[in-house]
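Participant: The structure is given below, and queries will be raised subsequently.
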2 protein chains.
Amino acid sequence: MHGIVFTIPEHLVTKQRIVSGCLEFGMVRSEAIADNLRNEIISGRFPEGAPLREINLARRFDVGRASVREALQQLVHEGLVVAKPNCGARVAPAAPDSIAELVVPLRKVVETFALRSCFHDLREADFEAWDRLLDDMRSACLKSDYPRLAELDIAFHRSIIQRAKQPDLLAIWMTLVSRLRQHFHNSHREYDEPIKVYYEHLAIVAVFRTGKLDAAVDALGRNIE
Amino acid sequence: MHGIVFTIPEHLVTKQRIVSGCLEFGMVRSEAIADNLRNEIISGRFPEGAPLREINLARRFDVGRASVREALQQLVHEGLVVAKPNCGARVAPAAPDSIAELVVPLRKVVETFALRSCFHDLREADFEAWDRLLDDMRSACLKSDYPRLAELDIAFHRSIIQRAKQPDLLAIWMTLVSRLRQHFHNSHREYDEPIKVYYEHLAIVAVFRTGKLDAAVDALGRNIE
DNA sequence: CACGGCTTTATTGTCAACAATACAGAAACC
DNA sequence: GGTTTCTGTATTGTTGACAATAAAGCCGTG
């Protein structure tokens with residue numbers, strides 16, 4: 001082959017039917033592929049700058065190039081991937097710090113807005129879903145599995161946005177949070193004990209359960225910074 | 001044909017090579033199509049809820065369906081179009097007021113951030129580009145051409161974002177402003193004299209020319225609300 | 001006449017082949 | 001030797017054809 005700088009770890013190129021994890025009814029293939037790739041990029045399993053060749057991905061997911069193209073385009077919009085016409089797509093480099101300084105407060109505004117607008121509709125089922133996520137997060141912390149931890153951290157916050165059931169909100173949030181993926185890895189590694197990440201989210205859900213809106217907004221807001 | 005509720009005005013379905021206006025070198029077809037459609041939706045020439053059939057658009061722009069699909073996907077991501085799998089795409093309904101209340105302040109933060117980060121690099125060429133845009137805006141005001149006015153208003157603000165030369169910034173801004181297209185139409189119509197929209201932007205550029213950052217940020221910020 | 005299931009049809013989702021492009025290496029030239 | 005041009009190859013851009021899906025119309029039945 002030709003000498004490329006970034007190669008994708010061997011265990012990742014194994015062919016996998018895209019049923020992995022998601023692919024709900026009505027979900028179109030490209031969405032499932034995008035979900036997979038998004039997680040792998042956000043979690044850091046795909047290094048920054050890694051090339052994403054359509055044909056490789058098509059073979060890996062066992063689909064045609066069209067589906068892969070759509071998935072990649074989606075990720076380009078989210079800012080996780082950069083694509084130059086005729087030159088292919090690569091994992092986007094981390095956004096400059098200046099952007100992160102802009103985006104963190106924006107993200108805080110969006111998430112607390114979402115929380116406010118769904119807080120009084122929260123049901124026991126919602127708390128239980130968070131409990132399950134927290135369990136996963138706990139085991140990721142214990143194993144110091146930082147990629148998985150980043151994935152779960154983001155999944156937690158996304159679930160709040162999704163709970164607000166305003167598609168616009170989700171789109172805005174995704175655009176923001178994609179620019180912060182580096183932020184997640186760094187902040188997790190700053191903790192002397194990863195398990196503290198778990199405890200922090202555990203506390204947030206506990207506050208949610210109390211039903212006190214202001215306290216909940218506070219707890220969430222502090223976690224975001 | 002089959003009786004559909006929303007039909008696209010006859011004069012709009014005429015076949016047009018996508019060269020119209022844009023299609024810079026290196027620009028891929030789907031981008032040009034997206035630009036065209038975006039303008040037509042933002043300006044309100046496509047009514048809310050109007051169906052966007054791939055095959056119609058493909059014929060209209062004289063390209064294959066794939067290019068149209070990509071353009072539509074782009075617009076879906078921006079929130080101008082909603083698409084249900086297997087059911088096609090339609091012009092998205094206006095975002096609920098609650099979202100607008102969230103987004104306006106966010107937009108203000110983003111735009112003033114962009115202005116700050118490019119302000120001291122502004123050259124005479126930039127001002128002249130704005131002068132040309134202002135001329136267009138003036139004639140749109142005089143003709144009370146509200147769709148065109150909305151287009152130009154947005155183009156003005158986008159030019160500020162683009163001038164900051166941070167792709168992430170543009171992506172974030174687009175996601176926000178697409179949710180506000182209704183806002184533009186309403187606010188323009190609120191003016192007793194449309195020409196005042198022109199004067200307001202004229203004043204902004206004038207302040208930019210003075211080189212006083214704080215005053216410029218102020219002027220821009222007040223225009224956004 | 002209302003209603004549930006079948007068929008038809010328009011439309012999207014997917015694919016595989018072809019065209020256009022960019023990049024790398026070889027060859028020719030100064 | 002260094003530079004330019006050319007050529008080949010890998011990759012994306014685009015297309016048209018086919019499969020899958022959902023919605024509308026049709027038809028028989030109660």
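How things are named: the first chain in the structure tokens is A, the next is B, and so on; residues count from 1 in each chain; ligands count from 1 in the order shown.
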Can I get the residues of chain B within 7 Å of chain D, each with the closest pair of atoms and their distance in Å to one decimal, using only C-alpha atoms (C1' of nucleotides), sorted chain first then ascending number, as CSV?
Facilitator:
residue,atom,partner,partner_atom,distance
B:Gly64,CA,D:DT15,C1',6.0
B:Asn86,CA,D:DT21,C1',6.0
B:Cys87,CA,D:DA22,C1',6.9
Participant: Deliver the residues from the most recent selection as a file, using N, CA and C atoms, as an mmCIF file, in the first residue's frame.
Facilitator:
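That gives us again_32.cif:
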data_model
loop_
_atom_site.group_PDB
_atom_site.id
_atom_site.type_symbol
_atom_site.label_atom_id
_atom_site.label_comp_id
_atom_site.auth_asym_id
_atom_site.auth_seq_id
_atom_site.Cartn_x
_atom_site.Cartn_y
_atom_site.Cartn_z
ATOM 1 N N GLY B 64 -28.242 15.223 -11.350
ATOM 2 C CA GLY B 64 -28.771 13.952 -10.882
ATOM 3 C C GLY B 64 -29.389 14.088 -9.507
ATOM 4 N N ASN B 86 -38.272 8.064 3.681
ATOM 5 C CA ASN B 86 -39.226 7.505 2.722
ATOM 6 C C ASN B 86 -40.415 8.405 2.418
ATOM 7 N N CYS B 87 -40.443 9.558 3.020
ATOM 8 C CA CYS B 87 -41.600 10.434 2.802
ATOM 9 C C CYS B 87 -41.214 11.769 2.197
#
Participant: Please give chain B as a compact mmCIF listing (two decimals) with C-alpha atoms, in the first residue's frame, after it has been superposed on chain A by least squares over all Cα atoms paired in order.
Facilitator:
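Contents of out-v9.txt, as written:
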# COMPACT_ATOMS: atom_id res chain seq x y z
CA MET B 1 -0.25 -0.41 0.08
CA HIS B 2 0.75 3.21 0.02
CA GLY B 3 2.46 4.76 3.00
CA ILE B 4 -0.04 6.89 4.83
CA VAL B 5 0.69 8.64 8.05
CA PHE B 6 -2.45 7.80 9.93
CA THR B 7 -3.64 4.26 9.82
CA ILE B 8 -6.77 2.97 11.38
CA PRO B 9 -6.16 0.38 14.07
CA GLU B 10 -6.53 -3.09 12.67
CA HIS B 11 -9.26 -4.22 15.05
CA LEU B 12 -11.45 -1.41 13.85
CA VAL B 13 -11.59 -2.26 10.19
CA THR B 14 -13.28 -5.56 10.77
CA LYS B 15 -16.51 -5.72 8.91
CA GLN B 16 -19.43 -5.00 11.18
CA ARG B 17 -23.09 -4.99 10.32
CA ILE B 18 -24.35 -1.57 11.25
CA VAL B 19 -26.88 -3.07 13.58
CA SER B 20 -24.35 -2.49 16.31
CA GLY B 21 -26.21 -0.83 19.10
CA CYS B 22 -28.55 1.34 17.18
CA LEU B 23 -30.69 1.16 14.08
CA GLU B 24 -34.14 1.78 15.32
CA PHE B 25 -37.12 1.16 13.14
CA GLY B 26 -37.38 3.68 10.36
CA MET B 27 -33.80 4.68 10.83
CA VAL B 28 -32.01 4.93 7.58
CA ARG B 29 -28.65 3.32 7.11
CA SER B 30 -26.65 6.49 6.83
CA GLU B 31 -27.87 7.59 10.24
CA ALA B 32 -26.71 4.38 11.82
CA ILE B 33 -23.33 4.75 10.16
CA ALA B 34 -23.07 8.35 11.26
CA ASP B 35 -23.87 7.31 14.82
CA ASN B 36 -21.15 4.71 14.79
CA LEU B 37 -18.54 7.00 13.32
CA ARG B 38 -19.54 9.86 15.58
CA ASN B 39 -18.98 7.77 18.66
CA GLU B 40 -15.66 6.54 17.41
CA ILE B 41 -14.48 10.04 16.65
CA ILE B 42 -15.81 11.65 19.80
CA SER B 43 -14.38 8.93 21.93
CA GLY B 44 -11.06 9.44 20.25
CA ARG B 45 -10.72 5.96 18.80
CA PHE B 46 -10.20 7.61 15.44
CA PRO B 47 -7.23 9.90 15.82
CA GLU B 48 -7.50 13.45 14.68
CA GLY B 49 -6.54 13.76 11.03
CA ALA B 50 -7.21 10.12 10.23
CA PRO B 51 -8.46 9.74 6.65
CA LEU B 52 -11.97 8.40 6.19
CA ARG B 53 -12.11 6.74 2.81
CA GLU B 54 -15.54 6.14 1.50
CA ILE B 55 -14.77 2.77 0.02
CA ASN B 56 -13.16 1.46 3.18
CA LEU B 57 -16.08 2.51 5.30
CA ALA B 58 -18.53 1.13 2.74
CA ARG B 59 -16.86 -2.26 2.90
CA ARG B 60 -16.60 -2.12 6.66
CA PHE B 61 -20.30 -1.45 7.15
CA ASP B 62 -21.25 -3.55 4.16
CA VAL B 63 -23.20 -0.82 2.37
CA GLY B 64 -22.84 1.24 -0.77
CA ARG B 65 -20.74 4.35 -0.96
CA ALA B 66 -23.79 6.59 -1.12
CA SER B 67 -24.80 5.74 2.41
CA VAL B 68 -21.31 6.39 3.65
CA ARG B 69 -21.21 9.70 1.82
CA GLU B 70 -24.39 10.79 3.51
CA ALA B 71 -23.08 9.82 6.91
CA LEU B 72 -19.83 11.67 6.28
CA GLN B 73 -21.69 14.75 5.15
CA GLN B 74 -23.64 14.68 8.36
CA LEU B 75 -20.44 14.55 10.37
CA VAL B 76 -18.90 17.30 8.30
CA HIS B 77 -21.80 19.48 9.20
CA GLU B 78 -21.37 18.63 12.84
CA GLY B 79 -17.75 19.60 12.59
CA LEU B 80 -16.28 16.22 13.43
CA VAL B 81 -15.00 15.68 9.92
CA VAL B 82 -13.47 17.98 7.37
CA ALA B 83 -13.80 17.27 3.67
CA LYS B 84 -12.09 18.98 0.78
CA PRO B 85 -13.77 18.40 -2.59
CA ASN B 86 -12.09 15.61 -4.51
CA CYS B 87 -9.68 15.03 -1.67
CA GLY B 88 -11.71 13.05 0.74
CA ALA B 89 -12.64 13.36 4.36
CA ARG B 90 -10.52 13.30 7.50
CA VAL B 91 -11.26 13.47 11.18
CA ALA B 92 -11.36 17.18 11.92
CA PRO B 93 -8.61 18.72 14.00
CA ALA B 94 -9.73 19.92 17.38
CA ALA B 95 -11.31 23.34 17.32
CA PRO B 96 -9.00 26.10 18.50
CA ASP B 97 -9.24 27.09 22.16
CA SER B 98 -10.76 30.42 21.22
CA ILE B 99 -13.77 28.60 19.81
CA ALA B 100 -14.10 26.45 22.90
CA GLU B 101 -14.24 29.58 25.01
CA LEU B 102 -17.16 30.77 22.93
CA VAL B 103 -18.93 27.45 22.77
CA VAL B 104 -18.88 26.36 26.40
CA PRO B 105 -21.13 29.19 27.58
CA LEU B 106 -23.40 28.70 24.59
CA ARG B 107 -23.72 25.05 25.41
CA LYS B 108 -24.58 25.91 28.97
CA VAL B 109 -27.37 28.20 27.83
CA VAL B 110 -28.79 25.58 25.50
CA GLU B 111 -28.69 22.73 27.98
CA THR B 112 -30.20 24.63 30.85
CA PHE B 113 -32.88 25.89 28.48
CA ALA B 114 -33.65 22.31 27.51
CA LEU B 115 -33.69 21.19 31.12
CA ARG B 116 -36.08 23.95 32.12
CA SER B 117 -38.46 23.12 29.32
CA CYS B 118 -38.74 19.41 30.15
CA PHE B 119 -38.08 19.37 33.85
CA HIS B 120 -41.64 19.11 35.06
CA ASP B 121 -42.46 16.37 32.58
CA LEU B 122 -39.78 14.02 33.85
CA ARG B 123 -41.16 10.58 34.76
CA GLU B 124 -39.75 7.67 36.68
CA ALA B 125 -38.88 6.02 33.37
CA ASP B 126 -36.55 8.91 32.59
CA PHE B 127 -34.72 8.56 35.88
CA GLU B 128 -34.37 4.85 35.35
CA ALA B 129 -32.87 5.40 31.92
CA TRP B 130 -30.34 7.72 33.52
CA ASP B 131 -29.64 5.13 36.21
CA ARG B 132 -28.73 2.62 33.54
CA LEU B 133 -26.46 5.13 31.84
CA LEU B 134 -24.85 5.91 35.18
CA ASP B 135 -24.13 2.23 35.69
CA ASP B 136 -22.30 2.12 32.38
CA MET B 137 -20.47 5.27 33.31
CA ARG B 138 -19.43 3.81 36.61
CA SER B 139 -17.85 0.77 35.01
CA ALA B 140 -16.13 2.94 32.41
CA CYS B 141 -14.69 5.02 35.23
CA LEU B 142 -13.51 1.96 37.11
CA LYS B 143 -11.78 0.68 34.00
CA SER B 144 -10.44 4.15 33.21
CA ASP B 145 -11.90 3.65 29.74
CA TYR B 146 -11.69 7.29 28.71
CA PRO B 147 -13.09 6.92 25.20
CA ARG B 148 -16.16 5.17 26.52
CA LEU B 149 -16.43 7.70 29.30
CA ALA B 150 -16.47 10.59 26.83
CA GLU B 151 -19.15 8.77 24.84
CA LEU B 152 -21.32 8.30 27.91
CA ASP B 153 -20.80 11.80 29.21
CA ILE B 154 -22.01 13.21 25.93
CA ALA B 155 -24.83 10.71 25.75
CA PHE B 156 -26.03 11.86 29.16
CA HIS B 157 -26.20 15.48 28.16
CA ARG B 158 -27.75 14.64 24.82
CA SER B 159 -30.51 12.74 26.58
CA ILE B 160 -31.49 15.95 28.34
CA ILE B 161 -31.68 17.81 25.07
CA GLN B 162 -33.65 15.03 23.44
CA ARG B 163 -36.05 14.92 26.34
CA ALA B 164 -37.08 18.48 25.51
CA LYS B 165 -38.41 17.10 22.21
CA GLN B 166 -37.50 20.07 20.11
CA PRO B 167 -35.60 18.93 17.02
CA ASP B 168 -34.14 22.40 16.54
CA LEU B 169 -32.64 22.29 19.97
CA LEU B 170 -30.90 19.01 19.30
CA ALA B 171 -29.46 20.28 16.03
CA ILE B 172 -28.07 23.38 17.69
CA TRP B 173 -26.67 21.42 20.58
CA MET B 174 -24.96 18.91 18.32
CA THR B 175 -23.30 21.66 16.36
CA LEU B 176 -21.93 23.07 19.57
CA VAL B 177 -20.86 19.95 21.38
CA SER B 178 -19.03 18.49 18.40
CA ARG B 179 -16.62 21.39 18.68
CA LEU B 180 -15.88 20.40 22.25
CA ARG B 181 -14.90 16.78 21.97
CA GLN B 182 -11.33 17.56 22.92
CA HIS B 183 -12.69 19.31 25.96
CA PHE B 184 -14.30 16.11 27.17
CA HIS B 185 -11.13 14.07 26.99
CA ASN B 186 -9.04 16.71 28.69
CA SER B 187 -11.46 17.40 31.47
CA HIS B 188 -11.90 13.70 32.24
CA ARG B 189 -8.19 13.21 32.47
CA GLU B 190 -7.83 16.17 34.76
CA TYR B 191 -9.67 14.35 37.49
CA ASP B 192 -7.24 12.61 39.81
CA GLU B 193 -9.76 9.79 40.14
CA PRO B 194 -11.94 9.11 37.10
CA ILE B 195 -14.69 7.79 39.33
CA LYS B 196 -15.38 11.35 40.35
CA VAL B 197 -16.87 11.92 36.91
CA TYR B 198 -19.39 9.26 37.78
CA TYR B 199 -20.16 10.76 41.16
CA GLU B 200 -20.72 14.15 39.63
CA HIS B 201 -23.31 12.81 37.23
CA LEU B 202 -24.84 10.68 39.93
CA ALA B 203 -25.34 13.81 41.96
CA ILE B 204 -26.96 15.58 39.03
CA VAL B 205 -29.54 12.85 38.56
CA ALA B 206 -30.16 12.82 42.28
CA VAL B 207 -30.91 16.54 42.20
CA PHE B 208 -33.19 15.99 39.23
CA ARG B 209 -35.12 13.50 41.30
CA THR B 210 -35.76 16.07 44.02
CA GLY B 211 -37.85 18.03 41.54
CA LYS B 212 -36.22 21.33 42.44
CA LEU B 213 -35.71 23.16 39.16
CA ASP B 214 -33.26 25.84 40.22
CA ALA B 215 -31.02 23.41 42.02
CA ALA B 216 -31.11 21.11 39.00
CA VAL B 217 -30.19 23.89 36.59
CA ASP B 218 -27.37 24.85 38.91
CA ALA B 219 -25.98 21.36 39.15
CA LEU B 220 -26.12 20.87 35.41
CA GLY B 221 -24.58 24.25 34.71
CA ARG B 222 -21.65 23.63 37.01
CA ASN B 223 -20.96 20.29 35.34
CA ILE B 224 -20.68 21.93 31.98
CA GLU B 225 -17.93 24.41 32.72
